[in-house]
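A.B. asks: Have a peek at target.cif (mmCIF, C-alpha atoms).
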```cif
data_run
loop_
_atom_site.group_PDB
_atom_site.id
_atom_site.type_symbol
_atom_site.label_atom_id
_atom_site.label_comp_id
_atom_site.auth_asym_id
_atom_site.auth_seq_id
_atom_site.Cartn_x
_atom_site.Cartn_y
_atom_site.Cartn_z
ATOM 1 C CA MET A 1054 6.321 -7.009 2.339
ATOM 2 C CA LYS A 1055 9.300 -5.351 3.983
ATOM 3 C CA GLN A 1056 9.359 -1.637 3.286
ATOM 4 C CA SER A 1057 12.574 0.160 2.494
ATOM 5 C CA ASN A 1058 13.950 3.680 2.073
ATOM 6 C CA ARG A 1059 16.223 2.344 -0.680
ATOM 7 C CA VAL A 1060 16.074 4.486 -3.841
ATOM 8 C CA PRO A 1061 17.682 4.060 -7.277
ATOM 9 C CA ALA A 1062 20.668 6.389 -7.774
ATOM 10 C CA GLN A 1063 18.941 8.284 -10.606
ATOM 11 C CA MET A 1064 15.997 9.070 -8.279
ATOM 12 C CA GLN A 1065 18.014 10.095 -5.200
ATOM 13 C CA GLU A 1066 17.860 13.836 -5.916
ATOM 14 C CA LYS A 1067 14.078 13.722 -6.449
ATOM 15 C CA TYR A 1068 13.649 11.633 -3.286
ATOM 16 C CA ASP A 1069 15.781 14.063 -1.260
ATOM 17 C CA SER A 1070 13.839 17.073 -2.550
ATOM 18 C CA LEU A 1071 10.437 15.520 -1.854
ATOM 19 C CA THR A 1072 11.356 14.249 1.596
ATOM 20 C CA LYS A 1073 12.779 17.634 2.539
ATOM 21 C CA ALA A 1074 9.362 19.165 1.796
ATOM 22 C CA THR A 1075 7.316 16.419 3.472
ATOM 23 C CA ASP A 1076 9.647 16.255 6.492
ATOM 24 C CA ALA A 1077 9.074 19.977 7.063
ATOM 25 C CA PHE A 1078 5.306 19.432 6.945
ATOM 26 C CA CYS A 1079 5.550 16.497 9.372
ATOM 27 C CA ASP A 1080 7.733 18.500 11.745
ATOM 28 C CA ALA A 1081 5.184 21.309 11.756
ATOM 29 C CA TYR A 1082 1.902 19.367 11.846
ATOM 30 C CA LEU A 1083 2.352 15.604 12.236
ATOM 31 C CA ASP A 1084 4.887 13.337 13.964
ATOM 32 C CA GLU A 1085 7.896 11.091 13.433
ATOM 33 C CA ASP A 1086 5.774 8.024 12.556
ATOM 34 C CA TYR A 1087 4.070 9.922 9.749
ATOM 35 C CA LYS A 1088 7.428 11.262 8.572
ATOM 36 C CA GLN A 1089 8.891 7.748 8.315
ATOM 37 C CA LEU A 1090 5.835 6.271 6.586
ATOM 38 C CA ILE A 1091 5.748 9.137 4.067
ATOM 39 C CA ARG A 1092 9.466 8.617 3.373
ATOM 40 C CA LEU A 1093 8.769 4.918 2.721
ATOM 41 C CA ALA A 1094 5.986 5.838 0.298
ATOM 42 C CA ILE A 1095 8.216 8.269 -1.610
ATOM 43 C CA ALA A 1096 10.947 5.618 -1.786
ATOM 44 C CA ALA A 1097 8.433 3.060 -3.106
ATOM 45 C CA LEU A 1098 7.308 5.537 -5.784
ATOM 46 C CA SER A 1099 10.956 6.185 -6.652
ATOM 47 C CA ARG A 1100 11.497 2.465 -7.295
ATOM 48 C CA LYS A 1101 8.560 2.139 -9.699
ATOM 49 C CA ARG A 1102 9.617 1.554 -13.310
ATOM 50 C CA PRO A 1103 9.287 4.113 -14.699
ATOM 51 C CA SER A 1104 8.967 6.250 -11.603
ATOM 52 C CA PRO A 1105 5.877 8.449 -11.741
ATOM 53 C CA LEU A 1106 7.822 11.064 -9.743
ATOM 54 C CA THR A 1107 9.677 12.082 -12.901
ATOM 55 C CA ARG A 1108 6.574 13.796 -14.266
ATOM 56 C CA GLY A 1109 4.535 16.560 -12.699
ATOM 57 C CA LYS A 1110 5.271 19.116 -10.031
ATOM 58 C CA GLU A 1111 7.087 18.153 -6.858
ATOM 59 C CA ALA A 1112 4.658 20.112 -4.694
ATOM 60 C CA THR A 1113 1.788 18.062 -6.123
ATOM 61 C CA TRP A 1114 3.596 14.797 -5.348
ATOM 62 C CA ALA A 1115 4.479 15.970 -1.831
ATOM 63 C CA ALA A 1116 0.897 16.981 -1.078
ATOM 64 C CA GLY A 1117 -0.401 13.773 -2.641
ATOM 65 C CA VAL A 1118 1.847 11.504 -0.576
ATOM 66 C CA VAL A 1119 1.002 13.268 2.692
ATOM 67 C CA HIS A 1120 -2.711 13.092 1.810
ATOM 68 C CA ALA A 1121 -2.484 9.414 0.752
ATOM 69 C CA VAL A 1122 -0.732 8.275 3.934
ATOM 70 C CA GLY A 1123 -3.062 10.485 5.969
ATOM 71 C CA THR A 1124 -6.147 9.045 4.282
ATOM 72 C CA VAL A 1125 -5.307 5.432 5.094
ATOM 73 C CA ASN A 1126 -4.493 6.415 8.693
ATOM 74 C CA PHE A 1127 -7.595 8.534 9.341
ATOM 75 C CA LEU A 1128 -5.581 11.757 9.658
ATOM 76 C CA PHE A 1129 -8.674 13.828 8.882
ATOM 77 C CA ASP A 1130 -10.674 12.334 11.789
ATOM 78 C CA LYS A 1131 -10.752 14.855 14.641
ATOM 79 C CA SER A 1132 -10.570 12.064 17.230
ATOM 80 C CA GLN A 1133 -7.123 10.993 15.992
ATOM 81 C CA LYS A 1134 -3.779 12.317 17.225
ATOM 82 C CA PRO A 1135 -2.195 13.843 15.254
ATOM 83 C CA HIS A 1136 -5.020 15.288 13.221
ATOM 84 C CA CYS A 1137 -5.155 17.881 10.463
ATOM 85 C CA LYS A 1138 -7.594 18.981 7.818
ATOM 86 C CA ALA A 1139 -6.931 18.202 4.174
ATOM 87 C CA PRO A 1140 -7.086 21.890 3.103
ATOM 88 C CA LEU A 1141 -4.085 22.559 5.363
ATOM 89 C CA ILE A 1142 -2.041 20.095 3.277
ATOM 90 C CA TYR A 1143 -3.111 21.735 0.004
ATOM 91 C CA GLU A 1144 -2.397 25.216 1.318
ATOM 92 C CA TYR A 1145 0.997 24.234 2.744
ATOM 93 C CA PHE A 1146 2.186 22.747 -0.541
ATOM 94 C CA GLY A 1147 0.402 25.303 -2.714
ATOM 95 C CA VAL A 1148 -1.806 22.895 -4.637
ATOM 96 C CA GLY A 1149 -5.466 23.087 -5.550
ATOM 97 C CA SER A 1150 -8.220 21.436 -3.547
ATOM 98 C CA SER A 1151 -8.951 19.041 -6.415
ATOM 99 C CA THR A 1152 -5.309 18.401 -7.346
ATOM 100 C CA GLY A 1153 -4.320 17.099 -3.888
ATOM 101 C CA PRO A 1154 -6.988 14.393 -3.569
ATOM 102 C CA ASN A 1155 -6.563 13.351 -7.210
ATOM 103 C CA LYS A 1156 -2.816 12.830 -6.752
ATOM 104 C CA SER A 1157 -3.520 11.068 -3.445
ATOM 105 C CA LYS A 1158 -5.846 8.615 -5.202
ATOM 106 C CA GLU A 1159 -3.233 7.966 -7.883
ATOM 107 C CA ILE A 1160 -0.609 7.251 -5.207
ATOM 108 C CA ARG A 1161 -2.919 4.982 -3.214
ATOM 109 C CA ASP A 1162 -3.639 3.012 -6.388
ATOM 110 C CA LEU A 1163 0.055 2.814 -7.378
ATOM 111 C CA LEU A 1164 1.113 1.570 -3.936
ATOM 112 C CA GLY A 1165 -1.946 -0.528 -3.111
ATOM 113 C CA MET A 1166 -2.768 1.584 -0.057
ATOM 114 C CA SER A 1167 -5.980 0.911 1.788
ATOM 115 C CA GLN A 1168 -7.436 1.529 5.219
ATOM 116 C CA PHE A 1169 -7.713 -2.226 5.636
ATOM 117 C CA GLY A 1170 -4.093 -3.099 4.841
ATOM 118 C CA HIS A 1171 -1.327 -3.134 7.422
ATOM 119 C CA GLU A 1172 1.459 -2.192 4.996
ATOM 120 C CA TRP A 1173 0.808 1.561 5.234
ATOM 121 C CA MET A 1174 -0.597 1.723 8.754
ATOM 122 C CA LEU A 1175 1.129 3.830 11.383
ATOM 123 C CA PRO A 1176 3.009 1.633 13.878
ATOM 124 C CA ALA A 1177 1.006 3.065 16.781
ATOM 125 C CA ARG A 1178 -2.246 1.958 15.115
ATOM 126 C CA LEU A 1179 -1.135 -1.607 14.333
ATOM 127 C CA LYS A 1180 -1.463 -3.105 17.796
ATOM 128 C CA SER A 1181 -4.971 -1.780 18.393
ATOM 129 C CA SER A 1182 -6.222 -2.398 14.847
ATOM 130 C CA ARG A 1183 -8.513 -5.384 14.539
ATOM 131 C CA VAL A 1184 -8.393 -5.285 10.742
ATOM 132 C CA ALA A 1185 -4.603 -5.719 10.557
ATOM 133 C CA TRP A 1186 -4.880 -9.057 12.340
ATOM 134 C CA MET A 1187 -7.837 -10.609 10.509
ATOM 135 C CA VAL A 1188 -6.789 -13.539 8.337
ATOM 136 C CA GLN A 1189 -8.729 -16.245 6.562
ATOM 137 C CA VAL A 1190 -7.860 -19.680 7.964
ATOM 138 C CA ASN A 1191 -9.616 -22.727 6.506
ATOM 139 C CA GLY A 1192 -12.380 -20.504 5.142
ATOM 140 C CA LEU A 1193 -13.001 -18.639 8.394
ATOM 141 C CA ILE A 1194 -11.943 -15.089 9.201
ATOM 142 C CA VAL A 1195 -10.039 -15.149 12.506
ATOM 143 C CA ASP A 1196 -7.997 -12.772 14.611
ATOM 144 C CA ILE A 1197 -4.547 -14.291 14.104
ATOM 145 C CA ARG A 1198 -3.543 -13.162 17.595
ATOM 146 C CA THR A 1199 -5.800 -15.909 18.998
ATOM 147 C CA MET A 1200 -4.139 -18.630 16.923
ATOM 148 C CA PRO A 1201 -1.126 -20.799 17.866
ATOM 149 C CA TYR A 1202 2.338 -19.317 17.353
ATOM 150 C CA GLU A 1203 3.037 -21.595 14.374
ATOM 151 C CA VAL A 1204 0.004 -20.216 12.523
ATOM 152 C CA GLN A 1205 1.068 -16.648 13.330
ATOM 153 C CA GLU A 1206 4.558 -17.418 12.037
ATOM 154 C CA LEU A 1207 3.163 -18.785 8.763
ATOM 155 C CA ALA A 1208 0.891 -15.745 8.329
ATOM 156 C CA TYR A 1209 3.887 -13.459 8.867
ATOM 157 C CA GLN A 1210 6.024 -15.389 6.361
ATOM 158 C CA LYS A 1211 3.246 -14.986 3.778
ATOM 159 C CA GLY A 1212 3.058 -11.233 4.446
ATOM 160 C CA LEU A 1213 -0.488 -11.396 5.804
ATOM 161 C CA ILE A 1214 0.373 -9.703 9.109
ATOM 162 C CA PRO A 1215 2.934 -6.993 9.942
ATOM 163 C CA TYR A 1216 4.739 -8.945 12.676
ATOM 164 C CA ILE A 1217 4.272 -11.972 14.907
ATOM 165 C CA PRO A 1218 2.242 -10.689 17.874
ATOM 166 C CA ASP A 1219 3.517 -13.289 20.336
ATOM 167 C CA ALA A 1220 7.188 -12.744 19.464
ATOM 168 C CA GLU A 1221 9.567 -10.087 20.684
ATOM 169 C CA PRO A 1222 10.576 -7.607 17.943
ATOM 170 C CA ASP A 1223 14.109 -9.046 17.854
ATOM 171 C CA ASP A 1224 12.683 -12.524 17.172
ATOM 172 C CA GLN A 1225 10.990 -11.522 13.910
ATOM 173 C CA ILE A 1226 12.010 -13.583 10.910
#
```
Represent the structure contained in this file as structure tokens.
C.D. replies:
Amino acid sequence: MKQSNRVPAQMQEKYDSLTKATDAFCDAYLDEDYKQLIRLAIAALSRKRPSPLTRGKEATWAAGVVHAVGTVNFLFDKSQKPHCKAPLIYEYFGVGSSTGPNKSKEIRDLLGMSQFGHEWMLPARLKSSRVAWMVQVNGLIVDIRTMPYEVQELAYQKGLIPYIPDAEPDDQI
């Protein structure tokens, strides 16, 4: 699945408003990779039919998206860089400590986010992640990076891996 910042025209204003809020949070507490991944998540929510972003408070959606992307990337683990505590997100956006995680769960469900999927993983985590490269081949779970290029290419074409490990970024299909 190729991710995109493309947004329907009728959702552009909502997208701009939400990303302005989440960008400010990322600038203060996170980094550019988080900012871009959060923007992709907001764009994906904007493209849903009907978009869930049309109901509820913007601050709740902003906090929920930051929390959702943070959850699947272990943002709350002190050993990670960057790192922040969930209450900081809730306080920043002015949402309750039960509202933030509930909206985060809704977003993760809507977008199919999981800590085991590569689609919402930070680029810096992809290369070192073992999970992102595990694929079932002929009934066996293998690290696709150990397989021939042709098998890697097929796995990429099927959306099972984020990129072909043995190819240069410009060579990606």
A.B. asks: Please evaluate the PyMOL selection byres ((chain A and resi 1156) around 10) against the structure above and give the resulting residues as a PyMOL selection string.
C.D. replies: chain A and resi 1113-1118+1120-1121+1151-1155+1157-1162
A.B. asks: List every protein, DNA or RNA residue with an atom no more than 10 Å from (3.5, -11.1, 8.5) in the file's coordinates, counting only C-alpha atoms, and format the result as a list in words.
C.D. replies: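 Protein and nucleic acid residues near the point are Met1054, Lys1055, His1171, Glu1172, Ala1185, Trp1186, Gln1205, Glu1206, Leu1207, Ala1208, Tyr1209, Gln1210, Lys1211, Gly1212, Leu1213, Ile1214, Pro1215, Tyr1216, Ile1217, Pro1218, Gln1225 and Ile1226 of chain A.
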A.B. asks: In Å, how far is it from atom CA of Thr1075 of chain A to atom CA of Arg1092 of chain A?
C.D. replies: 8.1 Å
A.B. asks: Identify, on the basis of all atoms listed in the file, every residue whose closest approach to Leu1090 of chain A does not exceed 12 Å; exclude the query and any residue fewer than 2 positions from it along the same chain; express the result as a PyMOL selection string.
C.D. replies: chain A and resi 1056-1058+1072+1075-1076+1079+1083-1088+1092-1097+1118-1123+1125-1126+1166+1171-1177
A.B. asks: So how many Å separate atom CA of Lys1101 of chain A and atom CA of Val1060 of chain A, to one decimal?
C.D. replies: 9.8 Å
